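Enquirer: Handing over input.cif, mmCIF, C-alpha atoms and all ligand atoms.
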data_run
#
loop_
_atom_site.label_atom_id
_atom_site.label_comp_id
_atom_site.auth_asym_id
_atom_site.auth_seq_id
_atom_site.Cartn_x
_atom_site.Cartn_y
_atom_site.Cartn_z
CA MET W 1 96.70 77.55 74.72
CA SER W 2 94.93 80.81 74.09
CA VAL W 3 96.22 84.29 73.36
CA ARG W 4 94.69 86.97 75.55
CA ARG W 5 94.12 90.33 73.85
CA VAL W 6 94.47 93.01 76.51
CA ILE W 7 93.69 96.74 76.63
CA VAL W 8 95.60 98.58 79.37
CA LEU W 9 94.15 101.80 80.77
CA GLY W 10 96.92 103.44 82.76
CA ALA W 11 99.75 101.96 80.69
CA THR W 12 102.53 104.24 81.95
CA GLY W 13 101.78 103.88 85.67
CA SER W 14 103.37 101.31 87.94
CA ILE W 15 100.72 98.61 87.19
CA GLY W 16 100.81 99.41 83.46
CA GLU W 17 104.59 99.03 83.34
CA SER W 18 104.27 95.66 85.12
CA ALA W 19 101.60 94.61 82.60
CA ALA W 20 104.06 95.48 79.82
CA LYS W 21 106.64 93.26 81.54
CA VAL W 22 104.15 90.39 81.60
CA ALA W 23 103.42 90.89 77.88
CA ARG W 24 107.16 90.98 77.14
CA ASP W 25 107.69 87.77 79.16
CA LEU W 26 104.75 85.94 77.50
CA PRO W 27 104.64 87.13 73.87
CA ASP W 28 102.78 83.98 72.74
CA ARG W 29 100.08 84.40 75.37
CA VAL W 30 99.51 88.12 75.90
CA GLN W 31 98.87 90.63 73.15
CA LEU W 32 98.45 94.31 74.04
CA THR W 33 95.81 95.62 71.62
CA GLY W 34 95.12 99.03 73.18
CA LEU W 35 97.04 101.33 75.51
CA ALA W 36 95.98 104.49 77.33
CA ALA W 37 97.88 107.01 79.43
CA HIS W 38 96.95 110.30 81.07
CA GLN W 39 99.66 112.64 79.84
CA ASN W 40 102.94 110.72 79.55
CA ALA W 41 103.28 110.89 75.74
CA ALA W 42 106.86 109.61 75.68
CA GLY W 43 106.10 106.61 77.91
CA LEU W 44 102.99 105.74 75.91
CA ALA W 45 104.88 106.01 72.62
CA ALA W 46 107.70 103.77 73.89
CA GLN W 47 105.24 101.00 74.82
CA ALA W 48 103.24 101.51 71.63
CA ASN W 49 106.33 101.24 69.43
CA GLU W 50 107.27 98.02 71.18
CA PHE W 51 103.86 96.27 71.25
CA ARG W 52 102.14 97.92 68.25
CA PRO W 53 98.58 98.01 69.65
CA ALA W 54 95.75 98.90 67.24
CA ALA W 55 94.60 101.90 69.27
CA LEU W 56 96.02 104.42 71.74
CA CYS W 57 94.44 107.01 73.99
CA LEU W 58 96.23 109.97 75.53
CA VAL W 59 93.76 111.69 77.83
CA ASP W 60 95.60 115.05 77.83
CA GLU W 61 94.83 116.47 74.36
CA SER W 62 97.64 119.06 74.60
CA LYS W 63 100.23 116.25 74.44
CA LEU W 64 98.89 114.58 71.28
CA ASP W 65 101.48 116.16 68.99
CA ASP W 66 104.29 114.81 71.21
CA LEU W 67 102.72 111.34 70.98
CA ARG W 68 102.36 111.43 67.17
CA ALA W 69 105.94 112.69 66.77
CA ALA W 70 107.32 109.86 68.92
CA LEU W 71 105.58 106.98 67.11
CA ALA W 72 107.75 104.81 64.84
CA PRO W 73 107.64 105.56 61.09
CA GLY W 74 105.01 103.46 59.31
CA TYR W 75 103.08 102.63 62.53
CA ALA W 76 99.68 104.33 62.43
CA PRO W 77 97.41 103.26 65.30
CA LYS W 78 94.00 104.79 65.91
CA ILE W 79 94.58 107.69 68.33
CA LEU W 80 91.94 108.81 70.80
CA THR W 81 91.91 111.50 73.47
CA GLY W 82 90.00 112.76 76.51
CA GLU W 83 87.73 110.87 78.91
CA ALA W 84 85.54 109.97 75.92
CA GLY W 85 88.58 108.40 74.27
CA LEU W 86 89.16 106.19 77.31
CA VAL W 87 85.56 105.00 77.18
CA GLU W 88 85.79 104.32 73.42
CA LEU W 89 89.05 102.42 73.86
CA ALA W 90 87.60 100.30 76.69
CA ALA W 91 84.45 99.49 74.73
CA SER W 92 85.22 99.29 71.04
CA ALA W 93 88.31 100.94 69.53
CA ALA W 94 90.46 97.79 69.58
CA PRO W 95 89.77 94.04 69.76
CA ALA W 96 90.08 92.68 73.31
CA ASP W 97 89.29 89.79 75.63
CA ILE W 98 90.00 91.75 78.77
CA VAL W 99 90.42 95.38 79.83
CA LEU W 100 92.95 96.12 82.58
CA ILE W 101 91.82 99.15 84.60
CA ALA W 102 94.95 100.60 86.18
CA ILE W 103 94.11 104.31 86.36
CA VAL W 104 94.87 106.04 89.67
CA GLY W 105 91.76 107.04 91.61
CA THR W 106 88.22 107.01 90.31
CA GLY W 107 88.88 107.93 86.64
CA GLY W 108 88.57 104.28 85.65
CA LEU W 109 84.91 103.97 86.63
CA ARG W 110 83.22 105.08 83.39
CA PRO W 111 85.62 103.14 81.13
CA ALA W 112 85.11 100.06 83.33
CA LEU W 113 81.33 100.30 83.00
CA ALA W 114 81.71 100.83 79.23
CA ALA W 115 83.85 97.69 78.96
CA ILE W 116 81.22 95.73 80.92
CA GLU W 117 78.44 96.98 78.64
CA ALA W 118 80.56 95.83 75.67
CA GLY W 119 80.74 92.36 77.25
CA ARG W 120 84.46 92.51 77.97
CA ASP W 121 86.02 90.96 81.05
CA LEU W 122 87.74 93.33 83.47
CA ALA W 123 91.00 93.03 85.34
CA VAL W 124 90.72 95.65 88.06
CA ALA W 125 93.78 97.22 89.65
CA SER W 126 92.05 100.52 90.51
CA LYS W 127 90.49 99.57 93.83
CA GLU W 128 88.76 102.94 94.07
CA ILE W 129 86.14 101.99 91.49
CA LEU W 130 85.08 98.94 93.52
CA VAL W 131 85.20 100.92 96.74
CA MET W 132 82.98 103.71 95.47
CA ALA W 133 80.69 101.75 93.19
CA GLY W 134 81.26 98.08 93.98
CA GLU W 135 77.57 97.24 94.13
CA VAL W 136 76.90 98.92 90.75
CA VAL W 137 79.99 97.49 89.02
CA MET W 138 79.49 93.92 90.26
CA GLY W 139 75.74 94.10 89.56
CA ARG W 140 76.24 95.20 85.96
CA ALA W 141 79.03 92.67 85.43
CA ALA W 142 76.76 89.86 86.67
CA ALA W 143 73.93 91.07 84.41
CA ARG W 144 76.24 90.98 81.36
CA SER W 145 77.99 87.72 82.46
CA VAL W 146 81.28 89.60 82.52
CA ARG W 147 84.07 88.55 84.85
CA VAL W 148 85.78 90.98 87.23
CA LEU W 149 89.26 89.62 87.92
CA PRO W 150 91.15 91.21 90.80
CA VAL W 151 94.70 92.48 90.21
CA ASP W 152 95.26 93.94 93.67
CA SER W 153 97.68 91.38 95.15
CA GLU W 154 95.53 90.65 98.23
CA HIS W 155 92.35 90.10 96.25
CA ASN W 156 94.15 88.14 93.59
CA ALA W 157 95.41 85.89 96.40
CA ILE W 158 91.91 85.44 97.82
CA PHE W 159 90.59 84.77 94.32
CA GLN W 160 93.19 82.02 93.93
CA CYS W 161 92.34 80.51 97.35
CA LEU W 162 88.58 80.60 96.66
CA GLU W 163 88.66 79.20 93.19
CA GLY W 164 86.07 76.50 92.62
CA ARG W 165 84.95 76.50 96.24
CA ASP W 166 81.43 76.99 97.53
CA PRO W 167 81.24 80.59 98.90
CA ARG W 168 79.04 79.33 101.75
CA THR W 169 82.04 77.42 103.12
CA VAL W 170 84.04 80.65 103.68
CA LYS W 171 84.36 81.77 107.27
CA ARG W 172 86.69 84.77 106.98
CA LEU W 173 88.77 86.60 104.40
CA ILE W 174 92.09 87.60 105.95
CA LEU W 175 93.85 90.46 104.17
CA THR W 176 97.54 90.81 104.86
CA ALA W 177 99.07 94.27 105.27
CA SER W 178 102.76 95.10 105.18
CA GLY W 179 102.09 97.72 107.86
CA GLY W 180 103.75 100.41 105.74
CA PRO W 181 106.74 102.55 106.70
CA PHE W 182 105.26 103.45 110.13
CA ARG W 183 104.42 99.92 111.28
CA THR W 184 106.51 100.22 114.44
CA ALA W 185 106.75 104.04 114.64
CA SER W 186 105.60 105.93 117.72
CA PRO W 187 102.56 108.22 117.44
CA GLU W 188 104.95 111.19 117.90
CA THR W 189 107.09 110.11 114.94
CA ILE W 190 103.97 109.58 112.84
CA ALA W 191 102.65 113.02 113.81
CA SER W 192 105.70 114.69 112.32
CA ALA W 193 106.17 112.32 109.36
CA THR W 194 107.53 113.92 106.21
CA ARG W 195 106.52 113.28 102.63
CA ALA W 196 109.74 111.37 101.95
CA GLN W 197 109.27 109.12 105.00
CA ALA W 198 105.66 108.39 104.13
CA LEU W 199 106.54 107.58 100.50
CA LYS W 200 109.19 105.06 101.48
CA HIS W 201 107.35 101.75 101.38
CA PRO W 202 109.28 98.81 102.89
CA THR W 203 108.29 96.04 100.45
CA TRP W 204 106.37 97.36 97.42
CA ASN W 205 107.46 99.82 94.77
CA MET W 206 104.36 101.83 93.86
CA GLY W 207 102.92 105.19 92.82
CA ALA W 208 102.70 108.16 95.26
CA LYS W 209 98.97 107.94 96.09
CA ILE W 210 99.03 104.24 96.99
CA SER W 211 102.30 104.62 98.91
CA ILE W 212 100.73 107.26 101.16
CA ASP W 213 97.62 105.07 101.48
CA SER W 214 99.88 102.23 102.63
CA ALA W 215 101.46 104.51 105.24
CA THR W 216 98.05 105.57 106.65
CA LEU W 217 96.61 102.03 106.20
CA PHE W 218 93.78 103.59 104.16
CA ASN W 219 95.02 101.30 101.40
CA LYS W 220 94.08 98.31 103.56
CA GLY W 221 90.81 100.02 104.50
CA LEU W 222 89.96 100.50 100.83
CA GLU W 223 90.91 96.86 100.22
CA MET W 224 88.53 95.68 102.98
CA ILE W 225 85.67 97.34 101.11
CA GLU W 226 86.99 96.10 97.77
CA ALA W 227 86.98 92.52 99.14
CA ARG W 228 83.46 92.95 100.47
CA TRP W 229 82.16 93.63 96.93
CA LEU W 230 84.44 91.40 94.88
CA PHE W 231 83.65 88.32 96.94
CA ASP W 232 80.21 89.29 98.24
CA VAL W 233 81.19 88.76 101.88
CA GLU W 234 79.82 91.03 104.56
CA MET W 235 82.21 93.54 106.14
CA ASP W 236 82.52 91.84 109.52
CA ARG W 237 84.01 88.72 107.91
CA VAL W 238 86.85 90.71 106.30
CA GLU W 239 89.86 90.92 108.62
CA VAL W 240 93.35 92.38 108.47
CA VAL W 241 96.62 90.97 109.78
CA VAL W 242 99.98 92.71 109.51
CA HIS W 243 102.61 90.65 107.72
CA PRO W 244 105.76 92.73 107.22
CA GLN W 245 107.47 90.48 104.63
CA SER W 246 104.64 90.78 102.05
CA ILE W 247 105.08 87.15 100.97
CA VAL W 248 101.67 85.79 102.04
CA HIS W 249 99.37 87.98 99.95
CA SER W 250 96.15 87.04 101.75
CA MET W 251 94.28 84.06 103.17
CA VAL W 252 90.86 82.47 103.32
CA GLU W 253 89.60 80.62 106.38
CA PHE W 254 86.92 78.01 105.69
CA VAL W 255 84.18 76.74 108.01
CA ASP W 256 86.20 73.63 108.86
CA GLY W 257 89.01 75.78 110.27
CA SER W 258 91.42 75.22 107.36
CA VAL W 259 93.18 78.29 106.01
CA LEU W 260 94.46 78.59 102.43
CA ALA W 261 97.06 81.22 101.57
CA GLN W 262 98.75 82.38 98.37
CA LEU W 263 102.47 83.18 98.49
CA SER W 264 104.92 84.75 96.05
CA HIS W 265 107.49 87.52 95.93
CA SER W 266 106.01 91.02 96.15
CA ASP W 267 106.03 91.74 92.42
CA MET W 268 102.81 92.86 90.73
CA CYS W 269 103.67 90.77 87.66
CA PHE W 270 102.37 87.70 89.55
CA PRO W 271 98.78 88.91 90.09
CA ILE W 272 98.65 90.73 86.74
CA GLN W 273 99.66 87.59 84.86
CA TYR W 274 97.20 85.45 86.81
CA ALA W 275 94.30 87.85 86.11
CA ILE W 276 95.15 88.16 82.42
CA CYS W 277 95.79 84.45 81.77
CA TRP W 278 93.07 83.10 84.07
CA PRO W 279 92.09 80.29 84.35
CA GLU W 280 95.39 79.06 82.93
CA ARG W 281 98.67 78.93 84.85
CA VAL W 282 101.52 79.82 82.55
CA PRO W 283 105.28 79.34 83.14
CA ASN W 284 107.20 82.62 83.31
CA ARG W 285 110.61 84.00 84.20
CA LEU W 286 109.64 85.48 87.58
CA PRO W 287 111.84 84.50 90.54
CA PRO W 288 110.62 81.52 92.64
CA LEU W 289 110.34 81.65 96.45
CA ASP W 290 113.33 80.26 98.33
CA PHE W 291 112.12 79.17 101.77
CA ALA W 292 115.61 78.42 103.01
CA GLU W 293 116.42 82.07 102.38
CA LEU W 294 113.10 83.43 103.71
CA ARG W 295 113.17 81.42 106.95
CA THR W 296 110.58 83.50 108.81
CA LEU W 297 107.14 84.89 108.10
CA ASP W 298 105.84 87.23 110.82
CA PHE W 299 102.26 88.13 111.67
CA GLU W 300 100.91 90.69 114.14
CA PRO W 301 97.62 92.50 114.77
CA PRO W 302 97.27 96.00 113.25
CA ARG W 303 97.53 98.95 115.67
CA ARG W 304 93.99 100.19 115.19
CA ASP W 305 94.38 102.97 117.77
CA VAL W 306 97.38 104.46 115.94
CA PHE W 307 95.98 103.84 112.43
CA PRO W 308 92.27 104.81 112.51
CA ALA W 309 91.87 104.13 108.77
CA LEU W 310 90.86 100.50 109.40
CA ASP W 311 87.95 101.39 111.70
CA LEU W 312 86.84 104.22 109.40
CA ALA W 313 86.81 101.79 106.47
CA ALA W 314 84.95 99.13 108.44
CA HIS W 315 82.35 101.76 109.33
CA ALA W 316 82.08 102.93 105.70
CA GLY W 317 81.80 99.35 104.45
CA ARG W 318 79.16 98.43 107.02
CA THR W 319 77.15 101.59 106.31
CA GLY W 320 77.41 101.01 102.55
CA GLY W 321 75.53 103.14 100.02
CA THR W 322 77.37 106.40 99.36
CA MET W 323 79.62 106.25 102.46
CA PRO W 324 82.56 104.34 100.90
CA ALA W 325 82.63 106.83 98.01
CA VAL W 326 82.75 109.69 100.51
CA MET W 327 85.59 108.09 102.46
CA ASN W 328 87.52 107.43 99.26
CA ALA W 329 87.02 110.96 97.86
CA ALA W 330 87.95 112.67 101.14
CA ASN W 331 91.05 110.50 101.32
CA GLU W 332 92.10 111.49 97.79
CA ILE W 333 91.82 115.17 98.73
CA ALA W 334 93.70 114.62 102.00
CA VAL W 335 96.52 112.67 100.34
CA ALA W 336 96.93 115.33 97.65
CA ALA W 337 97.10 118.01 100.37
CA PHE W 338 99.69 116.02 102.31
CA LEU W 339 101.78 115.47 99.17
CA ALA W 340 101.61 119.22 98.54
CA ASP W 341 102.93 119.84 102.08
CA ARG W 342 99.66 121.53 103.05
CA ILE W 343 98.73 119.26 105.99
CA ALA W 344 100.47 117.10 108.59
CA PHE W 345 100.30 113.32 108.20
CA PRO W 346 97.68 112.55 110.92
CA ARG W 347 95.40 115.21 109.42
CA ILE W 348 94.74 112.74 106.58
CA TRP W 349 92.77 110.56 109.01
CA SER W 350 90.96 113.40 110.78
CA LEU W 351 89.99 115.08 107.52
CA VAL W 352 88.45 111.85 106.22
CA GLU W 353 86.69 111.24 109.52
CA ALA W 354 85.32 114.79 109.67
CA THR W 355 83.98 114.50 106.11
CA MET W 356 82.33 111.14 106.85
CA GLN W 357 80.78 112.50 110.04
CA VAL W 358 78.76 115.16 108.24
CA HIS W 359 77.66 112.87 105.40
CA GLN W 360 74.12 111.52 105.37
CA ALA W 361 74.61 108.25 103.51
CA THR W 362 72.14 107.24 100.81
CA LEU W 363 71.73 103.46 100.90
CA ARG W 364 71.35 101.32 97.75
CA ALA W 365 72.63 104.34 95.85
CA SER W 366 72.47 104.73 92.07
CA LEU W 367 75.59 105.53 90.07
CA GLU W 368 74.46 109.17 89.83
CA GLN W 369 73.98 109.40 93.60
CA ILE W 370 77.43 107.88 94.13
CA LEU W 371 79.08 110.33 91.74
CA GLU W 372 77.22 113.20 93.42
CA ALA W 373 78.44 112.00 96.85
CA ASP W 374 81.98 111.81 95.46
CA ARG W 375 81.75 115.45 94.24
CA TRP W 376 80.23 116.57 97.54
CA ALA W 377 82.97 114.86 99.57
CA ARG W 378 85.72 116.47 97.51
CA GLN W 379 84.20 119.93 98.08
CA GLN W 380 83.57 119.25 101.75
CA ALA W 381 87.08 117.92 102.40
CA SER W 382 88.65 120.81 100.46
CA ALA W 383 86.59 123.29 102.50
CA LEU W 384 87.72 121.65 105.75
CA LEU W 385 91.37 122.06 104.66
MG MG W 401 97.05 95.63 97.64
#
As a first step, turn the structure in this file into structure tokens.
Ligand code: MG

Expert:
Amino acid sequence: MSVRRVIVLGATGSIGESAAKVARDLPDRVQLTGLAAHQNAAGLAAQANEFRPAALCLVDESKLDDLRAALAPGYAPKILTGEAGLVELAASAAPADIVLIAIVGTGGLRPALAAIEAGRDLAVASKEILVMAGEVVMGRAAARSVRVLPVDSEHNAIFQCLEGRDPRTVKRLILTASGGPFRTASPETIASATRAQALKHPTWNMGAKISIDSATLFNKGLEMIEARWLFDVEMDRVEVVVHPQSIVHSMVEFVDGSVLAQLSHSDMCFPIQYAICWPERVPNRLPPLDFAELRTLDFEPPRRDVFPALDLAAHAGRTGGTMPAVMNAANEIAVAAFLADRIAFPRIWSLVEATMQVHQATLRASLEQILEADRWARQQASALL
């Protein structure tokens, strides 16, 4: 029985709070040795006072005094700040077996690469870093013999189904999608969707960006590309099926026609615990599935004509190179604009599509070329607004 020392980047977000729950549930198995937040000094201090990690990072320097004032008397962790502080925490500021990257958007990329260089395993919840730089991240991880453990529930499910099996025996990866709040909505309803409607996810409780991505199905599109890199399976063997109950988290079909699935309640504590404790299965206090109560699990094809995000993502994933980074960056700009009430809901799709259309993708791109494409796409999408 081993104790896993874990650094959490993005401690006060929805994934970070679930990671804290896992640590609270399994105090003999999970030790939080480093915590980082963007600007939520009070939330970071509350977790730090409870778990007493050796090092903290608050990216927003202007909130450092609030953090120091809120720490318990006699507790004096190493305190870092800024993007450089995140990188230092990921690589060296505290002892760790695994670094959980749970920062919204692409901010986790440099800390993730720093953790890999330091030989630390990664648990990745920030799908954006694998979408934009999956080839680079997985390549460097392989070179350093570092493991990249998926936290995203779908990929965690596939990881569980694939474990120990020859990758050549895989026929298809089948990602399940809840379908989001507009699964059965008419195109007219979707066209006039409000912020509140789009944020209201039927089965998962998540942050604003990922909730909007679930409503557009860009979340599933990003996950298709994420799966392509995590499991080294070409894009055309990654499929999506809508499953409104969010109980089957994803499936793998093998060459003999057998399909393996992973099921649990839709609570991120399940995949977070599995990634952190891997390869061990550890008893916990999470609620078990009750099939007599569940009774039905439904499946249906996604409405690709109403939700163009899936085809845009398939195109980006097939093209490869800098194209996924461009799709991801344009989507971040579009979601922010929608959340600020600057654009209508369907404009999220058309803005991403328009940005992708004018991009000349660089194939087998370097990290610098990917970051440049990311910057370009943000400017381009903002200009199109
Ligand atoms: Mg997911």

Enquirer: So, counting only C-alpha atoms, which residue among W:Ser211, W:Ser382, W:Thr81, W:Ser246 is closest to Ser153 (chain W)?

Expert: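 Going through W:Ser211, W:Ser382, W:Thr81, W:Ser246 one by one, the smallest distance to Ser153 (chain W) is for W:Ser246.
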
Enquirer: Go through chain W and flag each residue having an atom no more than 7 Å from ligand MG 401 (chain W); for those, report the closest pair of atoms plus their distance in Å to one decimal, using only C-alpha atoms and all ligand atoms, ordered by chain and rising number, as CSV.

Expert:
residue,atom,partner,partner_atom,distance
W:Asp152,CA,W:MG401,MG,4.7
W:Ser153,CA,W:MG401,MG,5.0
W:Glu154,CA,W:MG401,MG,5.2
W:Glu223,CA,W:MG401,MG,6.8

Enquirer: In the coordinate frame of the file, compute which residues have an atom within 10 Å of (87.9, 95.7, 68.7) when using all atoms listed in the file, and state them as an MDAnalysis selection string.

Expert: chainID W and resid 5 7 33:34 54:55 89:97

Enquirer: With distances taken over all atoms listed in the file, which of W:Asn219, W:Ile272, W:Ala336, W:Ser192 is nearest to Gly16 (chain W)?

Expert: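 Checking each candidate against Gly16 (chain W), we get W:Ile272 as the closest.
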
Enquirer: Between W:Ala373, W:Val238, W:Ala177, W:Cys57, single out the one closest to His201 (chain W), counting all atoms listed in the file.

Expert: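 For His201 (chain W), the nearest of the candidates is W:Ala177.
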
Enquirer: To one decimal in Å, tell me the separation between CA of Leu80 (chain W) and CA of Pro111 (chain W).

Expert: 13.4 Å

Enquirer: From the set W:Gly179, W:Gln357, W:Ala314, W:Glu50, which residue has the shortest atom-to-atom contact distance to Arg237 (chain W), counting all atoms listed in the file?

Expert: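 Looking at the shortest contact to Arg237 (chain W), the residue is W:Ala314.
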
Enquirer: Skipping near chain neighbours, those fewer than 4 positions away, what residues fall within 12 Å of Glu83 (chain W) using all atoms listed in the file, listed as a VMD selection string?

Expert: chain W and resid 9 36 to 38 57 to 61 87 to 90 103 107 to 112 114

Enquirer: Quick one: residues within 9 Å of Gly134 (chain W), all atoms listed in the file counted, chain neighbours fewer than 2 positions away excluded, as a list in words?

Expert: Glu128, Ile129, Leu130, Val131, Met132, Val136, Val137, Met138, Gly139, Ile225, Glu226, Arg228, Trp229 and Leu230 of chain W

Enquirer: Rounded to one decimal, what separation in Å do you get between CA of Thr176 (chain W) and CA of Phe159 (chain W)?

Expert: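 Separation between CA of Thr176 (chain W) and CA of Phe159 (chain W): 14.0 Å.
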
Enquirer: Which residue out of W:Ser250, W:Gln360, W:Ser14, W:Thr203 has the minimum interatomic distance to Arg172 (chain W) when all atoms listed in the file are used?

Expert: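 Of the candidates, the smallest distance to Arg172 (chain W) is held by W:Ser250.
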
Enquirer: Find the spatial neighbours of Ala329 (chain W), counting only C-alpha atoms, within a cut-off of 6 Å - ignore same-chain residues fewer than 5 positions away - and output them as a ChimeraX atom specification.

Expert: /W:374,377-378

Enquirer: Between W:Ile212, W:Val282, W:Val352, W:Ala383, single out the one closest to Asp28 (chain W), counting only C-alpha atoms.

Expert: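 Among the listed residues, the smallest separation from Asp28 (chain W) belongs to W:Val282.
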
Enquirer: Please identify all polymer residues within 9 Å of Cys277 (chain W), counting all atoms listed in the file, omitting same-chain residues fewer than 5 positions from it, and present them as a ChimeraX atom specification.

Expert: /W:2-4,29-30,272,282

Enquirer: To one decimal in Å, tell me the separation between CA of Leu113 (chain W) and CA of Leu222 (chain W).

Expert: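 A separation of 19.8 Å between them.
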
Enquirer: Select, counting only C-alpha atoms, all protein, DNA and RNA residues no farther than 8 Å from (89.2, 115.1, 106.4) in file coordinates, and express the selection as a PyMOL selection string.

Expert: chain W and resi 330-331+334+347-356+381+384-385

Enquirer: Write out as an MDAnalysis selection string the residues lying within 10 Å of Val240 (chain W), counting only C-alpha atoms and excluding same-chain residues fewer than 3 positions away.

Expert: chainID W and resid 173:177 220:221 223:224 243 250:251 300:302 310
